[in-house]
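Asks: Coordinates in input29.cif, mmCIF, C-alpha atoms, are listed below.
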```cif
data_model
loop_
_atom_site.label_atom_id
_atom_site.label_comp_id
_atom_site.auth_asym_id
_atom_site.auth_seq_id
_atom_site.Cartn_x
_atom_site.Cartn_y
_atom_site.Cartn_z
CA MET A 1 0.00 0.00 0.00
CA ARG A 2 1.35 3.41 -1.04
CA ARG A 3 1.91 5.83 1.76
CA SER A 4 0.29 9.17 1.05
CA SER A 5 1.30 12.44 2.61
CA ARG A 6 -1.99 12.44 4.47
CA ASP A 7 -1.00 9.32 6.41
CA SER A 8 1.61 11.27 8.26
CA TRP A 9 -1.07 13.11 10.23
CA TRP A 10 -3.69 10.38 10.41
CA PRO A 11 -3.78 10.27 14.22
CA ALA A 12 -4.94 13.88 14.25
CA ALA A 13 -7.52 13.19 11.53
CA LEU A 14 -8.76 10.15 13.36
CA ALA A 15 -8.99 12.09 16.59
CA ARG A 16 -11.00 14.78 14.80
CA ARG A 17 -13.34 12.22 13.30
CA VAL A 18 -13.81 10.52 16.64
CA LEU A 19 -14.59 13.87 18.22
CA VAL A 20 -17.12 14.72 15.54
CA ALA A 21 -18.73 11.29 15.86
CA MET A 22 -18.87 11.64 19.65
CA ALA A 23 -20.43 15.07 19.41
CA LEU A 24 -23.00 13.73 16.98
CA LEU A 25 -23.79 10.74 19.16
CA THR A 26 -24.02 12.89 22.28
CA GLY A 27 -26.34 15.23 20.46
CA LEU A 28 -28.44 12.33 19.22
CA ALA A 29 -28.53 10.81 22.69
CA ALA A 30 -29.64 14.12 24.18
CA TRP A 31 -32.27 14.47 21.46
CA ALA A 32 -33.39 10.87 22.00
CA GLU A 33 -33.62 11.49 25.72
CA ASP A 34 -35.46 14.77 25.30
CA ASP A 35 -38.18 13.53 22.98
CA ALA A 36 -38.46 10.01 24.48
CA LEU A 37 -41.81 10.79 26.08
CA TYR A 38 -43.07 12.45 22.89
CA ARG A 39 -42.25 9.29 20.96
CA ASP A 40 -43.66 7.00 23.67
CA LEU A 41 -46.94 8.90 23.44
CA GLY A 42 -47.05 8.10 19.72
CA GLY A 43 -45.62 11.37 18.41
CA GLU A 44 -47.81 13.95 16.71
CA GLU A 45 -50.54 11.50 15.77
CA GLY A 46 -50.59 9.72 19.11
CA ILE A 47 -50.86 12.98 21.01
CA ALA A 48 -53.62 14.19 18.67
CA ARG A 49 -55.65 11.05 19.41
CA ILE A 50 -55.05 11.34 23.16
CA VAL A 51 -56.15 14.99 23.18
CA GLU A 52 -59.16 14.19 21.01
CA GLY A 53 -60.24 11.47 23.45
CA MET A 54 -59.64 13.60 26.51
CA VAL A 55 -61.51 16.66 25.27
CA ASP A 56 -64.45 14.62 23.97
CA ARG A 57 -64.70 12.89 27.35
CA ALA A 58 -64.44 16.17 29.24
CA TYR A 59 -67.22 17.76 27.20
CA ALA A 60 -69.42 14.76 28.01
CA ASP A 61 -68.33 14.52 31.66
CA PRO A 62 -71.20 15.71 33.90
CA ARG A 63 -68.67 16.60 36.61
CA ILE A 64 -66.88 19.23 34.57
CA GLN A 65 -68.69 19.83 31.26
CA LYS A 66 -70.02 23.19 32.49
CA LYS A 67 -66.44 24.49 32.65
CA PHE A 68 -66.25 24.21 28.87
CA ASP A 69 -69.34 26.27 28.10
CA GLY A 70 -68.52 28.58 25.20
CA VAL A 71 -65.13 26.99 24.58
CA ASN A 72 -64.55 25.91 20.98
CA PRO A 73 -63.45 22.25 21.23
CA LYS A 74 -61.46 22.45 18.00
CA ALA A 75 -59.39 25.36 19.24
CA LEU A 76 -58.97 23.73 22.64
CA LYS A 77 -57.72 20.51 21.06
CA GLU A 78 -55.25 22.38 18.88
CA SER A 79 -53.94 24.28 21.89
CA LEU A 80 -53.62 21.11 24.01
CA ARG A 81 -51.90 19.21 21.18
CA ARG A 82 -49.24 21.91 21.00
CA GLN A 83 -48.90 22.01 24.78
CA PHE A 84 -48.55 18.23 25.20
CA CYS A 85 -46.13 18.10 22.26
CA ALA A 86 -43.92 20.84 23.71
CA LEU A 87 -44.09 19.39 27.24
CA SER A 88 -43.15 15.89 26.13
CA GLY A 89 -40.15 17.08 24.14
CA GLY A 90 -41.64 17.20 20.66
CA ASN A 91 -40.56 19.87 18.21
CA CYS A 92 -43.41 22.31 18.83
CA ALA A 93 -43.85 25.56 20.63
CA TYR A 94 -46.79 26.20 22.92
CA GLU A 95 -47.85 29.79 22.43
CA GLY A 96 -51.22 29.71 24.15
CA GLU A 97 -52.23 31.65 27.21
CA THR A 98 -50.67 30.88 30.56
CA MET A 99 -52.48 28.25 32.62
CA LYS A 100 -53.20 30.88 35.24
CA LYS A 101 -54.84 33.28 32.81
CA SER A 102 -56.87 30.69 30.91
CA HIS A 103 -58.34 29.20 34.10
CA ALA A 104 -58.69 32.30 36.25
CA HIS A 105 -62.44 32.75 35.71
CA LEU A 106 -63.39 29.05 35.85
CA ALA A 107 -63.41 28.46 39.62
CA VAL A 108 -61.78 25.05 39.19
CA ASP A 109 -61.48 23.02 42.37
CA LYS A 110 -59.35 19.96 43.02
CA ALA A 111 -62.17 17.54 42.25
CA ASP A 112 -62.61 19.20 38.82
CA PHE A 113 -58.87 19.00 38.20
CA ASN A 114 -58.77 15.31 39.12
CA ALA A 115 -61.84 14.63 36.97
CA LEU A 116 -59.97 15.96 33.94
CA VAL A 117 -56.95 13.83 34.92
CA GLU A 118 -59.25 10.80 34.89
CA ASP A 119 -60.61 11.73 31.46
CA LEU A 120 -57.01 11.99 30.22
CA GLN A 121 -56.14 8.61 31.77
CA LEU A 122 -59.11 6.98 30.03
CA ALA A 123 -58.12 8.59 26.72
CA MET A 124 -54.57 7.25 27.12
CA ASP A 125 -55.92 3.80 28.05
CA GLU A 126 -57.91 3.83 24.84
CA GLN A 127 -54.74 4.59 22.88
CA LYS A 128 -52.98 1.72 24.70
CA VAL A 129 -50.45 4.10 26.24
CA PRO A 130 -48.60 2.07 28.92
CA PHE A 131 -49.33 3.13 32.52
CA THR A 132 -45.70 4.11 33.18
CA VAL A 133 -45.73 6.40 30.12
CA GLN A 134 -49.06 7.88 31.24
CA ASN A 135 -47.52 8.76 34.60
CA ARG A 136 -44.53 10.45 32.97
CA LEU A 137 -46.92 12.79 31.15
CA LEU A 138 -49.09 13.30 34.25
CA ALA A 139 -45.98 14.19 36.26
CA LEU A 140 -45.43 17.12 33.87
CA LEU A 141 -49.06 18.21 33.97
CA ALA A 142 -49.85 17.71 37.67
CA PRO A 143 -47.79 20.67 38.97
CA MET A 144 -50.05 22.96 36.92
CA HIS A 145 -52.62 22.45 39.66
CA ARG A 146 -51.06 25.47 41.37
CA ASP A 147 -52.20 27.74 38.53
CA ILE A 148 -55.41 25.96 37.61
CA ILE A 149 -57.09 25.24 40.94
CA THR A 150 -58.46 28.50 42.27
CA ARG A 151 -60.89 27.40 44.90
CA MET B 1 -63.93 6.58 77.44
CA THR B 2 -65.54 3.28 78.29
CA PRO B 3 -65.54 0.40 75.81
CA ARG B 4 -69.35 0.40 76.02
CA LEU B 5 -69.48 3.99 74.80
CA LEU B 6 -66.97 3.20 72.07
CA ARG B 7 -69.09 0.28 70.94
CA ALA B 8 -71.96 2.68 70.52
CA ILE B 9 -69.82 5.05 68.45
CA VAL B 10 -68.78 2.44 65.88
CA PRO B 11 -72.22 2.01 64.30
CA LEU B 12 -72.61 5.77 64.46
CA LEU B 13 -69.42 6.24 62.50
CA LEU B 14 -70.57 3.61 60.06
CA ALA B 15 -73.76 5.57 59.56
CA VAL B 16 -71.89 8.75 58.65
CA PRO B 17 -71.35 7.65 55.04
CA LEU B 18 -75.07 7.14 54.60
CA ALA B 19 -75.59 10.67 55.84
CA CYS B 20 -73.10 11.98 53.34
CA ALA B 21 -75.50 12.84 50.57
CA ALA B 22 -72.73 14.57 48.65
CA GLN B 23 -70.55 12.31 46.55
CA ALA B 24 -67.02 12.38 47.91
CA GLN B 25 -65.10 11.06 44.94
CA GLY B 26 -62.80 13.92 44.04
CA LYS B 27 -59.52 12.08 44.52
CA LEU B 28 -57.76 9.74 42.14
CA LEU B 29 -58.05 5.99 42.62
CA LEU B 30 -56.04 4.54 45.54
CA THR B 31 -54.77 7.98 46.60
CA GLY B 32 -56.57 7.61 49.93
CA GLY B 33 -54.43 4.59 50.77
CA ILE B 34 -56.08 1.71 52.60
CA SER B 35 -57.10 1.35 56.25
CA SER B 36 -54.15 0.52 58.48
CA ILE B 37 -54.62 -1.86 61.41
CA ASP B 38 -54.88 1.18 63.69
CA GLY B 39 -57.70 2.64 61.58
CA SER B 40 -55.92 5.58 59.98
CA ALA B 41 -55.40 5.79 56.21
CA GLY B 42 -52.08 4.38 55.16
CA GLY B 43 -50.57 1.09 54.34
CA GLY B 44 -51.53 -1.99 56.30
CA LEU B 45 -49.17 -1.54 59.24
CA SER B 46 -48.26 2.13 59.09
CA PRO B 47 -50.28 5.34 58.82
CA TRP B 48 -49.48 7.63 55.90
CA ALA B 49 -49.79 11.41 55.48
CA LEU B 50 -52.74 10.82 53.11
CA THR B 51 -56.25 11.28 54.41
CA GLY B 52 -58.68 8.42 53.94
CA SER B 53 -61.56 8.09 51.48
CA TYR B 54 -61.91 9.96 48.19
CA ALA B 55 -62.90 13.28 49.72
CA THR B 56 -60.95 16.26 48.49
CA SER B 57 -61.38 19.97 49.22
CA GLY B 58 -64.94 20.80 50.11
CA GLN B 59 -65.98 17.15 50.43
CA THR B 60 -66.50 14.84 53.39
CA GLY B 61 -65.77 11.16 52.94
CA ALA B 62 -65.80 8.04 55.03
CA THR B 63 -64.35 4.56 55.05
CA ALA B 64 -65.11 1.35 56.89
CA TYR B 65 -62.91 -1.72 56.92
CA PHE B 66 -62.50 -5.25 58.18
CA THR B 67 -59.12 -6.94 58.53
CA ARG B 68 -57.97 -10.47 59.44
CA LEU B 69 -54.44 -11.55 60.22
CA PRO B 70 -53.99 -15.13 61.41
CA VAL B 71 -50.40 -16.03 62.29
CA GLN B 72 -48.86 -19.21 63.73
CA ASP B 73 -49.94 -18.90 67.37
CA TYR B 74 -52.30 -15.90 67.36
CA SER B 75 -54.88 -14.21 65.22
CA LEU B 76 -55.88 -10.59 64.88
CA SER B 77 -59.26 -9.34 63.74
CA GLY B 78 -59.92 -5.67 63.31
CA TYR B 79 -62.62 -3.37 62.09
CA GLY B 80 -63.20 0.32 62.14
CA ALA B 81 -64.14 3.45 60.31
CA SER B 82 -62.81 6.86 59.48
CA VAL B 83 -64.17 10.19 58.36
CA ALA B 84 -62.11 12.63 56.29
CA PHE B 85 -62.76 16.33 56.04
CA GLY B 86 -61.42 17.23 52.63
CA GLU B 87 -57.75 16.40 52.53
CA ARG B 88 -57.22 18.41 55.69
CA ALA B 89 -58.12 16.14 58.57
CA GLU B 90 -59.21 12.63 59.41
CA VAL B 91 -60.66 10.97 62.50
CA SER B 92 -60.70 7.22 62.86
CA LEU B 93 -61.87 4.54 65.21
CA ALA B 94 -60.54 0.99 65.24
CA ARG B 95 -61.23 -2.13 67.26
CA GLN B 96 -58.73 -4.94 67.48
CA ASP B 97 -59.46 -8.40 68.81
CA PHE B 98 -56.28 -10.40 69.37
CA ASN B 99 -56.81 -14.08 69.98
CA ALA B 100 -54.03 -15.30 72.28
CA SER B 101 -55.64 -18.50 73.52
CA ALA B 102 -52.54 -20.66 73.00
CA THR B 103 -50.39 -18.33 75.06
CA GLY B 104 -53.23 -17.80 77.54
CA ALA B 105 -53.56 -21.56 78.10
CA ALA B 106 -49.88 -21.74 79.07
CA LEU B 107 -50.54 -18.99 81.63
CA GLY B 108 -53.70 -20.63 82.96
CA LEU B 109 -55.87 -18.16 81.06
CA PRO B 110 -57.72 -20.27 78.49
CA GLY B 111 -59.49 -18.33 75.75
CA LEU B 112 -57.37 -15.23 76.36
CA ARG B 113 -58.36 -12.34 74.11
CA LEU B 114 -56.85 -8.89 74.10
CA LYS B 115 -59.18 -6.20 72.85
CA GLN B 116 -57.95 -2.77 71.93
CA THR B 117 -59.81 0.36 70.89
CA ILE B 118 -57.96 3.06 69.01
CA LEU B 119 -59.23 6.58 68.49
CA GLY B 120 -57.15 8.42 65.91
CA ALA B 121 -56.89 11.90 64.49
CA LYS B 122 -54.67 13.16 61.73
CA ILE B 123 -54.17 16.61 60.28
CA ARG B 124 -52.39 17.47 57.07
CA LEU B 125 -49.85 20.19 57.70
CA ALA B 126 -48.45 20.81 54.22
CA GLY B 127 -47.91 19.53 50.72
CA ASP B 128 -49.75 17.47 48.16
CA ALA B 129 -48.39 13.93 47.86
CA VAL B 130 -49.82 13.38 44.39
CA LEU B 131 -49.88 16.62 42.40
CA ASP B 132 -46.63 18.33 43.47
CA ALA B 133 -44.76 16.10 41.05
CA ASP B 134 -42.05 18.63 40.25
CA THR B 135 -40.71 19.08 43.77
CA TRP B 136 -39.34 16.90 46.56
CA MET B 137 -41.84 18.38 48.97
CA PRO B 138 -43.94 15.55 50.44
CA GLN B 139 -47.37 15.69 51.98
CA VAL B 140 -46.83 16.01 55.71
CA ALA B 141 -49.33 15.11 58.41
CA LEU B 142 -49.36 14.97 62.18
CA GLY B 143 -51.34 12.23 63.84
CA VAL B 144 -52.32 11.07 67.28
CA GLU B 145 -53.70 7.71 68.43
CA TYR B 146 -55.33 7.14 71.77
CA LYS B 147 -55.28 3.43 72.54
CA HIS B 148 -57.20 1.63 75.22
CA LEU B 149 -56.59 -2.02 76.01
CA ASP B 150 -59.03 -4.46 77.54
CA SER B 151 -56.55 -7.12 78.61
CA GLY B 152 -59.05 -9.52 80.24
CA GLY B 153 -57.39 -12.08 82.49
CA LEU B 154 -53.95 -10.77 81.61
CA ALA B 155 -54.54 -7.57 83.60
CA PRO B 156 -52.74 -8.70 86.80
CA THR B 157 -49.74 -9.81 84.73
CA LEU B 158 -49.55 -6.44 82.96
CA ASP B 159 -49.83 -4.70 86.33
CA ALA B 160 -46.94 -6.76 87.62
CA LEU B 161 -44.91 -5.80 84.55
CA GLY B 162 -45.69 -2.13 85.06
CA ALA B 163 -47.52 -1.82 81.73
CA ARG B 164 -50.39 0.63 81.62
CA ARG B 165 -53.70 -0.14 80.00
CA SER B 166 -53.90 2.94 77.82
CA GLY B 167 -51.46 5.09 75.92
CA ILE B 168 -51.05 7.74 73.31
CA ASP B 169 -48.93 7.54 70.17
CA VAL B 170 -48.00 10.69 68.26
CA TYR B 171 -46.63 10.46 64.73
CA LEU B 172 -45.39 12.61 61.91
CA SER B 173 -45.83 11.19 58.40
CA ALA B 174 -44.40 12.27 55.08
CA SER B 175 -45.86 10.79 51.88
CA LYS B 176 -44.56 11.41 48.38
CA LEU B 177 -45.74 9.97 45.09
CA PHE B 178 -42.87 10.01 42.62
CA LEU B 179 -45.38 10.15 39.79
CA ALA B 180 -43.02 9.78 36.83
CA GLN B 181 -41.67 6.65 38.54
CA SER B 182 -45.12 5.39 39.67
CA THR B 183 -43.71 4.97 43.16
CA LEU B 184 -45.07 6.14 46.50
CA VAL B 185 -42.81 6.45 49.52
CA ASN B 186 -43.99 7.08 53.04
CA VAL B 187 -41.93 7.65 56.15
CA THR B 188 -43.60 7.85 59.55
CA LEU B 189 -41.84 8.71 62.77
CA ARG B 190 -43.82 7.57 65.78
CA ALA B 191 -43.36 8.55 69.40
CA THR B 192 -44.66 5.56 71.33
CA ARG B 193 -44.23 3.32 74.31
CA ALA B 194 -46.76 0.74 73.17
CA ASN B 195 -45.85 -2.92 73.65
CA GLN B 196 -46.82 -4.93 70.55
CA ASN B 197 -48.75 -1.89 69.31
CA GLY B 198 -50.55 -1.67 72.66
CA LEU B 199 -51.83 -5.24 72.81
CA LEU B 200 -49.47 -5.82 75.75
CA GLY B 201 -50.04 -2.42 77.29
CA PHE B 202 -47.88 0.66 77.40
CA GLY B 203 -44.43 0.97 78.90
CA GLY B 204 -43.02 -1.32 81.56
CA SER B 205 -41.06 -1.33 84.79
CA ALA B 206 -37.82 -1.06 82.84
CA SER B 207 -38.89 2.00 80.86
CA ARG B 208 -41.80 4.39 80.89
CA SER B 209 -40.23 6.80 78.45
CA TYR B 210 -41.31 7.31 74.86
CA SER B 211 -39.24 5.96 71.97
CA LEU B 212 -39.06 7.31 68.43
CA ALA B 213 -39.83 4.48 66.05
CA PRO B 214 -39.52 4.93 62.27
CA GLU B 215 -41.84 3.19 59.83
CA VAL B 216 -41.22 3.02 56.10
CA SER B 217 -43.52 2.02 53.25
CA VAL B 218 -42.77 1.86 49.55
CA ALA B 219 -45.50 1.14 47.02
CA TYR B 220 -45.21 0.68 43.28
CA LEU B 221 -48.28 1.37 41.16
CA LEU B 222 -48.80 -1.29 38.53
CA SER B 223 -51.90 0.43 37.18
CA ARG B 224 -54.55 2.78 38.50
CA GLN B 225 -56.18 -0.16 40.27
CA TRP B 226 -53.22 -2.21 41.45
CA ALA B 227 -50.35 -1.44 43.79
CA VAL B 228 -47.68 -3.64 45.33
CA GLY B 229 -45.32 -2.71 48.10
CA VAL B 230 -43.38 -3.38 51.24
CA GLU B 231 -43.57 -1.97 54.75
CA TYR B 232 -41.25 -1.99 57.71
CA ARG B 233 -42.34 -0.80 61.12
CA MET B 234 -39.85 -0.50 63.98
CA LYS B 235 -41.13 -0.91 67.50
CA PRO B 236 -40.04 0.04 70.97
CA ASP B 237 -39.14 -2.81 73.31
CA LYS B 238 -40.33 -1.59 76.70
CA LEU B 239 -40.94 -5.05 78.23
CA ASN B 240 -37.40 -6.20 77.55
CA PRO B 241 -35.96 -6.80 80.00
CA SER B 242 -38.83 -7.37 82.40
CA VAL B 243 -39.21 -9.48 85.53
CA LEU B 244 -39.52 -12.32 83.02
CA GLY B 245 -36.12 -11.57 81.50
CA ASP B 246 -36.29 -11.32 77.72
CA ALA B 247 -39.42 -13.48 77.47
CA LEU B 248 -41.43 -10.50 76.15
CA ARG B 249 -38.84 -9.17 73.73
CA GLU B 250 -40.52 -7.77 70.61
CA ASP B 251 -39.44 -7.56 67.00
CA ASP B 252 -40.10 -5.14 64.17
CA TRP B 253 -43.07 -5.76 61.89
CA LYS B 254 -42.81 -6.08 58.15
CA ASP B 255 -44.93 -7.07 55.19
CA VAL B 256 -45.22 -7.27 51.44
CA PHE B 257 -48.63 -6.34 50.07
CA VAL B 258 -50.78 -6.12 47.01
CA ALA B 259 -53.80 -3.81 46.91
CA TRP B 260 -56.59 -3.71 44.37
CA ALA B 261 -59.20 -0.99 44.02
CA PRO B 262 -61.65 -1.92 41.23
CA ASN B 263 -63.50 1.34 41.90
CA LYS B 264 -63.73 4.17 44.43
CA HIS B 265 -66.07 2.28 46.74
CA VAL B 266 -64.13 -0.84 47.57
CA SER B 267 -60.54 -2.03 47.87
CA LEU B 268 -59.03 -5.36 48.76
CA THR B 269 -55.57 -5.83 50.22
CA ALA B 270 -53.61 -9.00 50.78
CA ALA B 271 -50.24 -9.09 52.49
CA TYR B 272 -47.70 -11.51 53.81
CA VAL B 273 -46.92 -10.21 57.28
CA ASP B 274 -44.08 -11.05 59.64
CA LEU B 275 -44.75 -9.88 63.20
CA GLY B 276 -41.50 -11.38 64.45
CA ARG B 277 -41.68 -13.10 67.82
CA VAL B 278 -44.61 -12.30 70.06
CA VAL B 279 -43.98 -13.33 73.68
CA PRO B 280 -40.99 -15.50 72.67
CA GLY B 281 -40.77 -16.89 76.22
CA LEU B 282 -43.85 -18.97 75.43
CA GLN B 283 -44.04 -18.87 71.62
CA PRO B 284 -40.46 -18.83 70.38
CA ARG B 285 -41.19 -19.02 66.63
CA ARG B 286 -41.75 -16.03 64.36
CA GLN B 287 -45.38 -15.14 63.80
CA ARG B 288 -46.10 -14.93 60.10
CA GLY B 289 -49.30 -15.03 58.17
CA VAL B 290 -51.45 -13.78 55.35
CA TYR B 291 -53.30 -10.56 56.02
CA GLY B 292 -56.54 -9.80 54.25
CA SER B 293 -58.41 -6.52 54.40
CA ILE B 294 -61.46 -5.07 52.74
CA GLN B 295 -62.31 -1.38 52.77
CA PHE B 296 -65.45 0.42 51.73
CA ALA B 297 -65.35 4.11 50.90
CA TYR B 298 -68.16 6.57 50.44
#
```
Kindly present the structure from the file in structure tokens form.
Replies:
Amino acid sequence: MRRSSRDSWWPAALARRVLVAMALLTGLAAWAEDDALYRDLGGEEGIARIVEGMVDRAYADPRIQKKFDGVNPKALKESLRRQFCALSGGNCAYEGETMKKSHAHLAVDKADFNALVEDLQLAMDEQKVPFTVQNRLLALLAPMHRDIITR
Amino acid sequence: MTPRLLRAIVPLLLAVPLACAAQAQGKLLLTGGISSIDGSAGGGLSPWALTGSYATSGQTGATAYFTRLPVQDYSLSGYGASVAFGERAEVSLARQDFNASATGAALGLPGLRLKQTILGAKIRLAGDAVLDADTWMPQVALGVEYKHLDSGGLAPTLDALGARRSGIDVYLSASKLFLAQSTLVNVTLRATRANQNGLLGFGGSASRSYSLAPEVSVAYLLSRQWAVGVEYRMKPDKLNPSVLGDALREDDWKDVFVAWAPNKHVSLTAAYVDLGRVVPGLQPRRQRGVYGSIQFAY
């Protein structure tokens, strides 16, 4: 095999390549980690189906349906899709109102909040989302109780 | 309070749920725990910082339970009820009937039964065990249990040992659901001088002082309806030594459990419980058995 002039500095080239590969892999790993929940929820389509099921249940739920009077379900679903996508690490931005502002006038109590959680759980059951994955999403949503529950 | 009066209160407490016209179902499934042997909401052996029933803010809820725990040489039956005022406070009443006939026979007390009544109260001080999923802050509650023992024919023996017939336990509980991990952890620190949870009285000639006894429970949620877990409850050892030497030495209690709540009105719990040695001077083997408990919630 003919030695080229490049061979004289191959350790440096190799080191550079290894570094680039490591950076790429680290980036990929971080990305994989960050959007793991998004993917476990079934990505864009999965989340859309979950939100669809949750909102439809909530509108039919005698415990909380009054809270949705005058709220356009289509717009609500779109807003929740973006929020769940952003929360779970998907490539979306949630630009809706703050939780505090959007719930301020609704007089939501803890029983109402938990009722919606149950509607979400049923919607995720229907989409065959594993219980452990469900809880990872709920863990991100549950702290919002501080802004949502006002009485 | 006399046992007769307490007996009258039990059916009264059981009637409370019927009086609760309002539906108290605002909490998520299993987040009221089960009824512990002392009546308070918790695991099977240890009270937790959770309040019982499914009552949340603005609701009043109630539970009633029945528990059986047969072990090698004894058997424990218990029943009771609790009322929860939102997730703020809980009062509970429990009756325990401990069949010690084998040990009683050896002491010339055939058919010996130890009956204990426990009046409990618990108040939540801070935190939300379930919803504060982004912080380490647990739900914290302070509880008190007044226990009264009807020791039957064993009374003169307990007198000779210096054990009182009634006592008060005070405990601080911290419960935290690590939601993303589906795991609930509870730590309870109990100030107590109860011998075998009070079934052998309170304190002894050797020590009348209170001890701080930790209790730890870990539960893993398999689904909304199913949980499995382990508990470990440390105990004081106030009758060791006694005039009988180490014949009344007591061990820690532990169990592994599985709980199932098909809906918000009923839950079933089974556990394998190890009470350690109970009066090893007469019954030297460890007392183990299968615990079964049913709870109704309204």
Asks: Name the residues captured by the PyMOL selection byres ((chain B and resi 233-237) around 6) when it is applied to the shown file; answer as a list in words.
Replies: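 Written out, the selection comes to Ala213, Pro214, Glu215, Tyr232, Lys238, Leu239, Asn240, Glu250, Asp252 and Trp253 of chain B.
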Asks: Give as a ChimeraX atom specification the residues that the PyMOL selection byres ((chain B) within 6 of (chain A)) matches when applied to the coordinates above.
Replies: /B:26,131-133,179-180,223
Asks: Any chance you can output those residues with C-alpha atoms as a PDB file, in the coordinates of the input?
Replies:
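Saved file again-v8.pdb follows:
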```pdb
ATOM      1  CA  GLY B  26     -62.800  13.920  44.040  1.00  0.00           C
ATOM      2  CA  LEU B 131     -49.880  16.620  42.400  1.00  0.00           C
ATOM      3  CA  ASP B 132     -46.630  18.330  43.470  1.00  0.00           C
ATOM      4  CA  ALA B 133     -44.760  16.100  41.050  1.00  0.00           C
ATOM      5  CA  LEU B 179     -45.380  10.150  39.790  1.00  0.00           C
ATOM      6  CA  ALA B 180     -43.020   9.780  36.830  1.00  0.00           C
ATOM      7  CA  SER B 223     -51.900   0.430  37.180  1.00  0.00           C
TER       8      SER B 223
END
```
Asks: Between A:Lys100, A:Leu116, A:Glu44, A:Lys128, which one has atoms that come closest to Arg82 of chain A, using all atoms listed in the file?
Replies: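 Under the stated criterion, the closest residue is A:Glu44.
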Asks: Exactly which residues make up the result of the PyMOL selection byres ((chain B and resi 195-208) around 8) on this file, given as a short mmCIF file (atom, residue, chain, number, x, y, z; two decimals) with C-alpha atoms, in the coordinates of the input?
Replies:
```cif
data_model
loop_
_atom_site.label_atom_id
_atom_site.label_comp_id
_atom_site.auth_asym_id
_atom_site.auth_seq_id
_atom_site.Cartn_x
_atom_site.Cartn_y
_atom_site.Cartn_z
CA PHE B 98 -56.28 -10.40 69.37
CA LEU B 114 -56.85 -8.89 74.10
CA LYS B 115 -59.18 -6.20 72.85
CA GLN B 116 -57.95 -2.77 71.93
CA LYS B 147 -55.28 3.43 72.54
CA HIS B 148 -57.20 1.63 75.22
CA LEU B 149 -56.59 -2.02 76.01
CA SER B 151 -56.55 -7.12 78.61
CA LEU B 158 -49.55 -6.44 82.96
CA LEU B 161 -44.91 -5.80 84.55
CA GLY B 162 -45.69 -2.13 85.06
CA ALA B 163 -47.52 -1.82 81.73
CA ARG B 164 -50.39 0.63 81.62
CA ARG B 165 -53.70 -0.14 80.00
CA SER B 166 -53.90 2.94 77.82
CA GLY B 167 -51.46 5.09 75.92
CA ARG B 193 -44.23 3.32 74.31
CA ALA B 194 -46.76 0.74 73.17
CA SER B 209 -40.23 6.80 78.45
CA TYR B 210 -41.31 7.31 74.86
CA LYS B 235 -41.13 -0.91 67.50
CA PRO B 236 -40.04 0.04 70.97
CA ASP B 237 -39.14 -2.81 73.31
CA LYS B 238 -40.33 -1.59 76.70
CA LEU B 239 -40.94 -5.05 78.23
CA ASN B 240 -37.40 -6.20 77.55
CA PRO B 241 -35.96 -6.80 80.00
CA SER B 242 -38.83 -7.37 82.40
CA GLU B 250 -40.52 -7.77 70.61
CA VAL B 278 -44.61 -12.30 70.06
#
```
Asks: Using only C-alpha atoms - which residues lie no farther than 10 Å from the point (-51.6, 20.2, 22.2) in the file's frame? Write them as a ChimeraX atom specification.
Replies: /A:44,47-48,50-52,75-87,92-94,96
Asks: For a test of reading the model, state the distance in Å between atom CA of Thr269 of chain B and atom CA of Val256 of chain B, rounded to one decimal.
Replies: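 Rounded to one decimal, the two atoms are 10.5 Å apart.
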Asks: What's the 10 Å shell around Lys67 of chain A, counting only C-alpha atoms, without same-chain residues fewer than 5 positions away, as a ChimeraX atom specification?
Replies: /A:58-59,103,105-108,112
Asks: Which is closer to Met54 of chain A than all the others in A:Asp119, A:Glu95, A:Asp125, A:Asp69, using only C-alpha atoms?
Replies: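 Checking each of A:Asp119, A:Glu95, A:Asp125, A:Asp69 against Met54 of chain A, counting only C-alpha atoms, the winner is A:Asp119.
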Asks: Kindly indicate which residue among A:Thr98, A:Arg39, A:Gly46, A:Gly90 lies nearest to Glu126 of chain A, using only C-alpha atoms for the distances.
Replies: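 Closest to Glu126 of chain A of all the choices is A:Gly46.
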Asks: Using only C-alpha atoms, which residue out of A:Ser102, A:Arg16, A:Gly53, A:Leu37 lies closest to Phe68 of chain A?
Replies: A:Ser102
Asks: Report, in Å to a single decimal, how far apart atom CA of Tyr79 of chain B and atom CA of Lys27 of chain B are.
Replies: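 These two atoms are separated by 23.6 Å.
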Asks: State, in Å with one decimal place, the distance from atom CA of Ala84 of chain B to atom CA of Ser35 of chain B.
Replies: 12.3 Å
Asks: Please give the centre and size of the box around segment 109-125 of chain A (axis-aligned, containing every atom listed in the file, 4 Å added per side), with values in Å to one decimal and written as JSON.
Replies:
```
{"center_x": -58.6, "center_y": 13.4, "center_z": 34.9, "size_x": 16.0, "size_y": 27.2, "size_z": 24.3}
```
